[in-house]
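The data block below is coords37.csv; it holds CSV, N, CA and C atoms.
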```csv
chain,number,residue,atom,x,y,z
A,1,GLY,N,-10.9,-4.7,-14.8
A,1,GLY,CA,-10.2,-3.9,-13.8
A,1,GLY,C,-10.8,-2.5,-13.7
A,2,LEU,N,-11.1,-1.9,-14.8
A,2,LEU,CA,-11.6,-0.5,-14.7
A,2,LEU,C,-13.0,-0.5,-14.1
A,3,LEU,N,-13.8,-1.5,-14.3
A,3,LEU,CA,-15.1,-1.6,-13.7
A,3,LEU,C,-15.0,-1.8,-12.2
A,4,ILE,N,-14.1,-2.6,-11.8
A,4,ILE,CA,-13.9,-2.9,-10.3
A,4,ILE,C,-13.4,-1.6,-9.7
A,5,THR,N,-12.4,-0.9,-10.3
A,5,THR,CA,-11.9,0.4,-9.7
A,5,THR,C,-13.0,1.4,-9.6
A,6,ALA,N,-13.9,1.5,-10.7
A,6,ALA,CA,-15.0,2.4,-10.6
A,6,ALA,C,-16.0,2.1,-9.5
A,7,ALA,N,-16.2,0.8,-9.3
A,7,ALA,CA,-17.2,0.4,-8.3
A,7,ALA,C,-16.6,0.7,-6.9
A,8,VAL,N,-15.3,0.4,-6.7
A,8,VAL,CA,-14.7,0.7,-5.4
A,8,VAL,C,-14.7,2.2,-5.1
A,9,ALA,N,-14.3,3.0,-6.2
A,9,ALA,CA,-14.3,4.5,-6.0
A,9,ALA,C,-15.7,5.0,-5.7
A,10,THR,N,-16.7,4.4,-6.3
A,10,THR,CA,-18.1,4.8,-6.0
A,10,THR,C,-18.5,4.5,-4.6
A,11,ILE,N,-18.1,3.3,-4.1
A,11,ILE,CA,-18.4,2.9,-2.7
A,11,ILE,C,-17.7,3.9,-1.8
A,12,LEU,N,-16.4,4.2,-2.0
A,12,LEU,CA,-15.7,5.1,-1.2
A,12,LEU,C,-16.3,6.5,-1.2
A,13,ALA,N,-16.7,7.0,-2.3
A,13,ALA,CA,-17.3,8.3,-2.4
A,13,ALA,C,-18.6,8.4,-1.7
A,14,VAL,N,-19.4,7.3,-1.7
A,14,VAL,CA,-20.7,7.3,-1.1
A,14,VAL,C,-20.5,7.1,0.4
A,15,GLY,N,-19.6,6.2,0.8
A,15,GLY,CA,-19.5,5.8,2.2
A,15,GLY,C,-18.6,6.7,3.1
A,16,PHE,N,-17.8,7.5,2.5
A,16,PHE,CA,-16.9,8.3,3.3
A,16,PHE,C,-16.8,9.8,2.7
A,17,ASP,N,-16.5,10.7,3.6
A,17,ASP,CA,-16.4,12.1,3.2
A,17,ASP,C,-15.0,12.2,2.4
A,18,LEU,N,-14.8,13.3,1.8
A,18,LEU,CA,-13.7,13.6,0.9
A,18,LEU,C,-12.4,13.6,1.7
A,19,SER,N,-12.4,14.1,2.9
A,19,SER,CA,-11.1,14.1,3.7
A,19,SER,C,-10.7,12.7,4.1
A,20,SER,N,-11.7,11.8,4.4
A,20,SER,CA,-11.3,10.4,4.7
A,20,SER,C,-10.7,9.7,3.5
A,21,ILE,N,-11.3,10.0,2.3
A,21,ILE,CA,-10.7,9.4,1.1
A,21,ILE,C,-9.3,9.9,0.8
A,22,ALA,N,-9.1,11.2,1.1
A,22,ALA,CA,-7.7,11.8,0.9
A,22,ALA,C,-6.8,11.2,1.9
A,23,SER,N,-7.2,10.9,3.2
A,23,SER,CA,-6.4,10.3,4.2
A,23,SER,C,-6.0,8.9,3.8
A,24,ILE,N,-7.0,8.1,3.3
A,24,ILE,CA,-6.7,6.8,2.8
A,24,ILE,C,-5.7,6.8,1.7
A,25,GLY,N,-5.9,7.7,0.7
A,25,GLY,CA,-4.9,7.8,-0.4
A,25,GLY,C,-3.5,8.2,0.1
A,26,SER,N,-3.4,9.1,1.0
A,26,SER,CA,-2.1,9.5,1.6
A,26,SER,C,-1.4,8.3,2.2
A,27,ALA,N,-2.1,7.6,3.0
A,27,ALA,CA,-1.6,6.4,3.8
A,27,ALA,C,-1.1,5.3,2.8
A,28,ILE,N,-1.9,5.0,1.8
A,28,ILE,CA,-1.6,4.0,0.8
A,28,ILE,C,-0.4,4.5,0.0
A,29,ALA,N,-0.3,5.7,-0.4
A,29,ALA,CA,0.9,6.2,-1.1
A,29,ALA,C,2.1,6.1,-0.3
A,30,LEU,N,2.1,6.4,1.0
A,30,LEU,CA,3.2,6.3,1.9
A,30,LEU,C,3.6,4.8,2.0
A,31,LEU,N,2.7,3.9,2.1
A,31,LEU,CA,3.0,2.5,2.2
A,31,LEU,C,3.6,2.0,0.9
A,32,VAL,N,3.1,2.4,-0.2
A,32,VAL,CA,3.7,2.0,-1.5
A,32,VAL,C,5.1,2.5,-1.6
A,33,PHE,N,5.3,3.8,-1.3
A,33,PHE,CA,6.7,4.3,-1.4
A,33,PHE,C,7.7,3.6,-0.5
A,34,THR,N,7.2,3.2,0.7
A,34,THR,CA,8.1,2.4,1.6
A,34,THR,C,8.4,1.1,1.0
A,35,LEU,N,7.4,0.4,0.5
A,35,LEU,CA,7.6,-1.0,0.0
A,35,LEU,C,8.4,-1.0,-1.3
A,36,VAL,N,8.2,0.0,-2.1
A,36,VAL,CA,9.0,0.1,-3.3
A,36,VAL,C,10.5,0.3,-3.0
A,37,THR,N,10.7,1.2,-2.1
A,37,THR,CA,12.1,1.5,-1.7
A,37,THR,C,12.7,0.3,-1.0
A,38,ALA,N,12.0,-0.4,-0.2
A,38,ALA,CA,12.5,-1.6,0.5
A,38,ALA,C,12.9,-2.6,-0.6
A,39,ALA,N,12.0,-2.8,-1.6
A,39,ALA,CA,12.3,-3.7,-2.7
A,39,ALA,C,13.5,-3.3,-3.5
A,40,HIS,N,13.8,-2.0,-3.5
A,40,HIS,CA,14.9,-1.5,-4.3
A,40,HIS,C,16.3,-1.9,-3.6
A,41,PHE,N,16.2,-2.2,-2.3
A,41,PHE,CA,17.4,-2.7,-1.7
A,41,PHE,C,17.9,-4.0,-2.4
A,42,ARG,N,17.0,-4.8,-2.9
A,42,ARG,CA,17.4,-6.1,-3.5
A,42,ARG,C,18.2,-5.9,-4.8
A,43,VAL,N,17.9,-4.8,-5.5
A,43,VAL,CA,18.5,-4.6,-6.8
A,43,VAL,C,19.4,-3.4,-6.8
A,44,ARG,N,19.8,-2.9,-5.6
A,44,ARG,CA,20.6,-1.7,-5.6
A,44,ARG,C,22.0,-1.8,-6.3
A,45,ALA,N,22.5,-3.0,-6.3
A,45,ALA,CA,23.8,-3.2,-7.0
A,45,ALA,C,23.6,-3.0,-8.5
A,46,GLU,N,22.5,-3.4,-9.0
A,46,GLU,CA,22.2,-3.3,-10.5
A,46,GLU,C,21.9,-1.8,-10.8
A,47,THR,N,21.2,-1.1,-9.9
A,47,THR,CA,20.8,0.3,-10.2
A,47,THR,C,21.8,1.3,-9.8
A,48,GLY,N,22.8,0.9,-9.0
A,48,GLY,CA,23.8,1.8,-8.5
A,48,GLY,C,23.3,2.8,-7.4
A,49,ALA,N,22.2,2.4,-6.8
A,49,ALA,CA,21.6,3.2,-5.7
A,49,ALA,C,22.4,3.2,-4.5
A,50,SER,N,22.4,4.3,-3.8
A,50,SER,CA,23.2,4.5,-2.5
A,50,SER,C,22.4,3.8,-1.4
A,51,THR,N,23.0,3.0,-0.6
A,51,THR,CA,22.4,2.4,0.5
A,51,THR,C,21.9,3.4,1.5
A,52,LEU,N,22.8,4.4,1.7
A,52,LEU,CA,22.4,5.5,2.6
A,52,LEU,C,21.1,6.2,2.2
A,53,VAL,N,21.1,6.6,0.9
A,53,VAL,CA,19.9,7.3,0.4
A,53,VAL,C,18.6,6.4,0.5
A,54,LEU,N,18.7,5.1,0.2
A,54,LEU,CA,17.6,4.2,0.4
A,54,LEU,C,17.2,4.1,1.8
A,55,GLY,N,18.1,4.0,2.7
A,55,GLY,CA,17.9,4.0,4.2
A,55,GLY,C,17.1,5.2,4.6
A,56,VAL,N,17.6,6.4,4.2
A,56,VAL,CA,17.0,7.7,4.6
A,56,VAL,C,15.6,7.7,4.0
A,57,ALA,N,15.4,7.3,2.8
A,57,ALA,CA,14.1,7.3,2.2
A,57,ALA,C,13.1,6.4,3.0
A,58,ILE,N,13.5,5.2,3.3
A,58,ILE,CA,12.6,4.3,4.1
A,58,ILE,C,12.3,4.9,5.4
A,59,THR,N,13.4,5.4,6.1
A,59,THR,CA,13.2,5.9,7.4
A,59,THR,C,12.2,7.1,7.4
A,60,SER,N,12.4,8.0,6.5
A,60,SER,CA,11.5,9.2,6.4
A,60,SER,C,10.1,8.8,6.1
A,61,THR,N,9.8,7.9,5.2
A,61,THR,CA,8.5,7.5,4.9
A,61,THR,C,7.8,6.7,6.0
A,62,VAL,N,8.6,5.9,6.7
A,62,VAL,CA,8.0,5.1,7.9
A,62,VAL,C,7.7,6.1,9.0
A,63,VAL,N,8.6,7.1,9.2
A,63,VAL,CA,8.3,8.1,10.3
A,63,VAL,C,7.0,8.9,10.0
A,64,VAL,N,6.9,9.3,8.7
A,64,VAL,CA,5.7,10.0,8.3
A,64,VAL,C,4.5,9.1,8.4
A,65,LEU,N,4.6,7.9,8.0
A,65,LEU,CA,3.4,7.0,8.0
A,65,LEU,C,3.0,6.7,9.5
A,66,LEU,N,4.0,6.5,10.4
A,66,LEU,CA,3.6,6.3,11.8
A,66,LEU,C,3.0,7.6,12.4
A,67,THR,N,3.6,8.7,12.1
A,67,THR,CA,3.0,10.0,12.6
A,67,THR,C,1.6,10.1,12.1
A,68,PHE,N,1.4,9.8,10.8
A,68,PHE,CA,0.0,9.9,10.2
A,68,PHE,C,-0.9,8.9,11.0
A,69,ALA,N,-0.4,7.7,11.2
A,69,ALA,CA,-1.3,6.7,11.9
A,69,ALA,C,-1.7,7.1,13.3
A,70,PHE,N,-0.7,7.7,14.0
A,70,PHE,CA,-1.0,8.1,15.4
A,70,PHE,C,-1.8,9.4,15.5
A,71,THR,N,-1.8,10.2,14.5
A,71,THR,CA,-2.5,11.5,14.6
A,71,THR,C,-3.9,11.4,13.8
A,72,THR,N,-3.8,11.4,12.5
A,72,THR,CA,-5.0,11.4,11.7
A,72,THR,C,-5.9,10.2,11.9
A,73,LEU,N,-5.3,9.0,11.8
A,73,LEU,CA,-6.1,7.8,11.9
A,73,LEU,C,-6.7,7.6,13.3
A,74,ALA,N,-6.0,8.1,14.3
A,74,ALA,CA,-6.5,8.0,15.7
A,74,ALA,C,-7.8,8.8,15.9
A,75,GLU,N,-7.9,10.0,15.1
A,75,GLU,CA,-9.0,10.8,15.2
A,75,GLU,C,-10.1,10.4,14.2
A,76,GLU,N,-9.8,9.6,13.3
A,76,GLU,CA,-10.8,9.2,12.3
A,76,GLU,C,-10.9,7.6,12.3
A,77,PRO,N,-11.6,7.0,13.2
A,77,PRO,CA,-11.6,5.5,13.3
A,77,PRO,C,-12.2,4.9,12.0
A,78,ALA,N,-13.1,5.5,11.3
A,78,ALA,CA,-13.7,4.9,10.1
A,78,ALA,C,-12.7,4.9,9.0
A,79,THR,N,-11.8,5.9,8.9
A,79,THR,CA,-10.7,5.9,8.0
A,79,THR,C,-9.7,4.8,8.3
A,80,ALA,N,-9.4,4.6,9.6
A,80,ALA,CA,-8.5,3.6,10.0
A,80,ALA,C,-9.1,2.2,9.6
A,81,ALA,N,-10.3,2.0,9.9
A,81,ALA,CA,-11.0,0.7,9.5
A,81,ALA,C,-11.0,0.5,8.0
A,82,ALA,N,-11.3,1.5,7.3
A,82,ALA,CA,-11.3,1.3,5.8
A,82,ALA,C,-9.9,1.0,5.3
A,83,LEU,N,-8.9,1.7,5.8
A,83,LEU,CA,-7.5,1.5,5.4
A,83,LEU,C,-7.1,0.1,5.8
A,84,THR,N,-7.4,-0.4,6.9
A,84,THR,CA,-7.1,-1.8,7.3
A,84,THR,C,-7.8,-2.8,6.4
A,85,LEU,N,-9.0,-2.5,6.1
A,85,LEU,CA,-9.8,-3.4,5.2
A,85,LEU,C,-9.1,-3.4,3.8
A,86,ILE,N,-8.7,-2.3,3.3
A,86,ILE,CA,-8.1,-2.2,2.0
A,86,ILE,C,-6.8,-3.0,1.9
A,87,VAL,N,-6.0,-2.8,3.0
A,87,VAL,CA,-4.7,-3.6,3.0
A,87,VAL,C,-5.0,-5.1,3.1
A,88,LEU,N,-5.9,-5.5,3.9
A,88,LEU,CA,-6.2,-6.9,4.1
A,88,LEU,C,-6.7,-7.5,2.8
A,89,VAL,N,-7.6,-6.8,2.1
A,89,VAL,CA,-8.2,-7.3,0.8
A,89,VAL,C,-7.1,-7.4,-0.2
A,90,SER,N,-6.2,-6.4,-0.2
A,90,SER,CA,-5.1,-6.4,-1.2
A,90,SER,C,-4.2,-7.5,-1.0
A,91,VAL,N,-3.8,-7.8,0.3
A,91,VAL,CA,-3.0,-9.0,0.6
A,91,VAL,C,-3.7,-10.3,0.2
A,92,ALA,N,-5.0,-10.4,0.5
A,92,ALA,CA,-5.7,-11.6,0.1
A,92,ALA,C,-5.8,-11.8,-1.4
A,93,LEU,N,-6.0,-10.7,-2.1
A,93,LEU,CA,-6.1,-10.8,-3.6
A,93,LEU,C,-4.7,-11.2,-4.2
A,94,ASP,N,-3.7,-10.6,-3.6
A,94,ASP,CA,-2.3,-10.9,-4.1
A,94,ASP,C,-2.0,-12.4,-3.8
A,95,LEU,N,-2.3,-12.9,-2.7
A,95,LEU,CA,-2.0,-14.3,-2.3
A,95,LEU,C,-2.9,-15.2,-3.2
A,96,GLY,N,-4.1,-14.9,-3.4
A,96,GLY,CA,-5.0,-15.7,-4.3
A,96,GLY,C,-4.5,-15.7,-5.8
A,97,TRP,N,-4.0,-14.5,-6.2
A,97,TRP,CA,-3.5,-14.4,-7.6
A,97,TRP,C,-2.3,-15.3,-7.7
A,98,LYS,N,-1.4,-15.2,-6.8
A,98,LYS,CA,-0.1,-16.0,-6.8
A,98,LYS,C,-0.4,-17.5,-6.8
A,99,ARG,N,-1.4,-17.9,-6.0
A,99,ARG,CA,-1.8,-19.3,-5.9
A,99,ARG,C,-2.4,-19.8,-7.2
A,100,THR,N,-3.2,-19.0,-7.8
A,100,THR,CA,-3.8,-19.3,-9.1
A,100,THR,C,-2.8,-19.4,-10.2
A,101,ARG,N,-1.9,-18.4,-10.2
A,101,ARG,CA,-0.8,-18.4,-11.2
A,101,ARG,C,0.1,-19.6,-11.1
A,102,ASP,N,0.5,-19.9,-9.8
A,102,ASP,CA,1.4,-21.0,-9.6
A,102,ASP,C,0.8,-22.4,-9.9
A,103,SER,N,-0.5,-22.5,-9.8
A,103,SER,CA,-1.2,-23.8,-10.0
A,103,SER,C,-1.5,-24.1,-11.5
A,104,ARG,N,-1.3,-23.1,-12.3
A,104,ARG,CA,-1.5,-23.3,-13.8
A,104,ARG,C,-0.4,-24.2,-14.3
A,105,VAL,N,-0.9,-25.1,-15.2
A,105,VAL,CA,0.1,-26.0,-15.9
A,105,VAL,C,0.6,-25.3,-17.1
A,106,PRO,N,1.9,-25.1,-17.2
A,106,PRO,CA,2.4,-24.5,-18.5
A,106,PRO,C,2.1,-25.3,-19.7
A,107,SER,N,1.7,-24.7,-20.8
A,107,SER,CA,1.4,-25.4,-22.0
A,107,SER,C,2.5,-25.5,-23.0
```

Just give me the structure of the file as structure tokens.
Amino acid sequence: GLLITAAVATILAVGFDLSSIASIGSAIALLVFTLVTAAHFRVRAETGASTLVLGVAITSTVVVLLTFAFTTLAEEPATAAALTLIVLVSVALDLGWKRTRDSRVPS
């Protein structure tokens, strides 16, 4: 995992300028915050989380993510393309991992 991360980081550093890498990191962080908070809705009874606070958190991160998408990414098409590629590869790896995991025979 560490070697793959280092290889991807090297490719990003060589292929994009630092501001593009920062933009990608910001967008991914916002996406992760949104997905984690959305998943928190499923266990909010166990954690005692407020539905209102979770709703405000999701709404605010989605608004910021959309604002980011329509401003920064519109001006930097290479960053938008890289972000789209990263999300698609992540989804494909996750689906592949789940398929491999589910096809294993328990011993």

(request) Could you jot down the atom N of Thr79 in chain A to atom C of Ala6 in chain A separation for me, Å, one decimal place? (result) 19.3 Å

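In this structure, CA of Leu83 in chain A sits 11.0 Å away from CA of Leu31 in chain A.
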
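Here atom C of Leu65 in chain A is placed at a distance of 27.5 Å from atom C of Thr47 in chain A.
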
(request) Pick out the residues sitting within 8 Å of range 7-21 of chain A, and hand them over as JSON, numbers by chain; count only N, CA and C atoms, and ignore anything fewer than 5 positions along from it in its own chain. (result) {"A": [1, 2, 26, 27, 76, 78, 79, 80]}

Dump N, CA and C atoms for the selected residues as a short mmCIF file (atom, residue, chain, number, x, y, z; two decimals), keeping the file's coordinate frame?
```
data_model
loop_
_atom_site.label_atom_id
_atom_site.label_comp_id
_atom_site.auth_asym_id
_atom_site.auth_seq_id
_atom_site.Cartn_x
_atom_site.Cartn_y
_atom_site.Cartn_z
N GLY A 1 -10.90 -4.70 -14.80
CA GLY A 1 -10.20 -3.90 -13.80
C GLY A 1 -10.80 -2.50 -13.70
N LEU A 2 -11.10 -1.90 -14.80
CA LEU A 2 -11.60 -0.50 -14.70
C LEU A 2 -13.00 -0.50 -14.10
N SER A 26 -3.40 9.10 1.00
CA SER A 26 -2.10 9.50 1.60
C SER A 26 -1.40 8.30 2.20
N ALA A 27 -2.10 7.60 3.00
CA ALA A 27 -1.60 6.40 3.80
C ALA A 27 -1.10 5.30 2.80
N GLU A 76 -9.80 9.60 13.30
CA GLU A 76 -10.80 9.20 12.30
C GLU A 76 -10.90 7.60 12.30
N ALA A 78 -13.10 5.50 11.30
CA ALA A 78 -13.70 4.90 10.10
C ALA A 78 -12.70 4.90 9.00
N THR A 79 -11.80 5.90 8.90
CA THR A 79 -10.70 5.90 8.00
C THR A 79 -9.70 4.80 8.30
N ALA A 80 -9.40 4.60 9.60
CA ALA A 80 -8.50 3.60 10.00
C ALA A 80 -9.10 2.20 9.60
#
```

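For the set A:Leu3, A:Leu30, A:Arg99, A:Ser50, the residue with the smallest atom-to-atom gap to Val64 in chain A is A:Leu30, counting only C-alpha atoms.
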
(request) Have a look at A:Val53, A:Ala74, A:Ile86, A:Ala39 and name the one nearest to Gly25 in chain A; count only C-alpha atoms. (result) A:Ile86

(message) With distances taken over all atoms listed in the file, which residue among A:Leu73, A:Val36, A:Leu54, A:Leu85 lies nearest Ser23 in chain A?
(response) A:Leu73
